[in-house]
Amino acid sequence: MSRSITLLAVLILSLSIAFPAAASVCRNYNGHQICVLSIQRSAKNYWEYRATISVDGVKQPMAVYNCRAQVKILQDGEILPFAPQDPGNLICNFFKK
């Protein structure tokens, strides 16, 4: 009897623990899994997003995605235009107003 009560108590306690929710948004895009790990819209330039993404499980460094000019600004200041199948297109289309 006490064994079943203990088992029941352990079961109830294990189900009552709340685990943190995953905040990433993942999409399959051109044969790759793109996950937006963190994203922040610029207050000054509403067409810019600071985002950290992962491509096929590999975390990329934070970059600024300029949806108006269709460019990605890396942390070192390098400006790269969006490639035809760039994750920047996904960010701009998914999070547009």
# chains A, B, ... in the order shown; residues from 1 in each chain; ligands from 1
$ residues_around --residues "segment 57-59 of chain A" --least-positions-apart "2" --cutoff "9 Å" --atoms "only C-alpha atoms" --output "number ranges by chain"
A: 33-35, 37, 52-55, 61
$ atom_distance --atom1 "atom CA of Gln70 of chain A" --atom2 "atom CA of Asn45 of chain A"
13.7 Å
$ residues_around --residues "Ala69 of chain A" --least-positions-apart "5" --cutoff "12 Å" --atoms "only C-alpha atoms" --output "ChimeraX atom specification"
/A:45,47-48,64,79-82,88-89,92
$ write_last_selection --atoms "C-alpha atoms" --output "PDB file, in the first residue's frame"
ATOM      1  CA  ASN A  45      14.233  51.611 -38.201  1.00  0.00           C
ATOM      2  CA  TRP A  47      12.478  47.487 -41.274  1.00  0.00           C
ATOM      3  CA  GLU A  48      15.564  46.201 -39.413  1.00  0.00           C
ATOM      4  CA  VAL A  64      21.153  42.880 -38.494  1.00  0.00           C
ATOM      5  CA  ILE A  79      27.367  44.209 -45.445  1.00  0.00           C
ATOM      6  CA  LEU A  80      26.169  41.249 -47.492  1.00  0.00           C
ATOM      7  CA  PRO A  81      23.220  41.293 -49.906  1.00  0.00           C
ATOM      8  CA  PHE A  82      20.608  38.599 -49.432  1.00  0.00           C
ATOM      9  CA  GLY A  88      17.041  36.911 -44.327  1.00  0.00           C
ATOM     10  CA  ASN A  89      14.184  36.532 -46.810  1.00  0.00           C
ATOM     11  CA  CYS A  92      11.628  39.625 -43.510  1.00  0.00           C
TER      12      CYS A  92
END
$ residues_around --residues "Ala51 of chain A" --least-positions-apart "6" --cutoff "12 Å" --atoms "only C-alpha atoms" --output "PyMOL selection string"
chain A and resi 24-25+34-42+59-66+72-75+87-88+90-92+95
$ select_by_dssp --residues "segment 21-64 of chain A" --states "strand (DSSP E)" --output "ChimeraX atom specification"
/A:25-29,32-41,48-55,58-59,63-64
$ write_last_selection --atoms "C-alpha atoms" --output "PDB file, in the first residue's frame"
ATOM      1  CA  VAL A  25      10.582  29.671 -34.210  1.00  0.00           C
ATOM      2  CA  CYS A  26      11.659  27.033 -36.731  1.00  0.00           C
ATOM      3  CA  ARG A  27      10.721  26.669 -40.380  1.00  0.00           C
ATOM      4  CA  ASN A  28      11.828  24.397 -43.194  1.00  0.00           C
ATOM      5  CA  TYR A  29      13.144  26.761 -45.861  1.00  0.00           C
ATOM      6  CA  HIS A  32      17.180  23.665 -44.499  1.00  0.00           C
ATOM      7  CA  GLN A  33      15.771  24.021 -41.012  1.00  0.00           C
ATOM      8  CA  ILE A  34      16.013  27.694 -40.044  1.00  0.00           C
ATOM      9  CA  CYS A  35      15.355  28.535 -36.388  1.00  0.00           C
ATOM     10  CA  VAL A  36      15.070  32.104 -35.129  1.00  0.00           C
ATOM     11  CA  LEU A  37      16.668  31.866 -31.681  1.00  0.00           C
ATOM     12  CA  SER A  38      16.261  35.534 -30.796  1.00  0.00           C
ATOM     13  CA  ILE A  39      14.916  38.498 -32.695  1.00  0.00           C
ATOM     14  CA  GLN A  40      14.461  42.170 -31.896  1.00  0.00           C
ATOM     15  CA  ARG A  41      12.911  44.795 -34.153  1.00  0.00           C
ATOM     16  CA  GLU A  48      15.564  46.201 -39.413  1.00  0.00           C
ATOM     17  CA  TYR A  49      15.771  43.123 -37.215  1.00  0.00           C
ATOM     18  CA  ARG A  50      18.627  42.034 -34.947  1.00  0.00           C
ATOM     19  CA  ALA A  51      18.454  38.285 -35.032  1.00  0.00           C
ATOM     20  CA  THR A  52      20.359  35.187 -34.038  1.00  0.00           C
ATOM     21  CA  ILE A  53      19.440  32.168 -36.119  1.00  0.00           C
ATOM     22  CA  SER A  54      20.504  28.576 -36.522  1.00  0.00           C
ATOM     23  CA  VAL A  55      20.717  26.808 -39.860  1.00  0.00           C
ATOM     24  CA  VAL A  58      24.316  25.339 -36.320  1.00  0.00           C
ATOM     25  CA  LYS A  59      24.003  28.655 -34.466  1.00  0.00           C
ATOM     26  CA  ALA A  63      23.332  39.938 -37.516  1.00  0.00           C
ATOM     27  CA  VAL A  64      21.153  42.880 -38.494  1.00  0.00           C
TER      28      VAL A  64
END
$ atom_distance --atom1 "atom CA of Tyr46 of chain A" --atom2 "atom CA of Asn30 of chain A"
26.4 Å
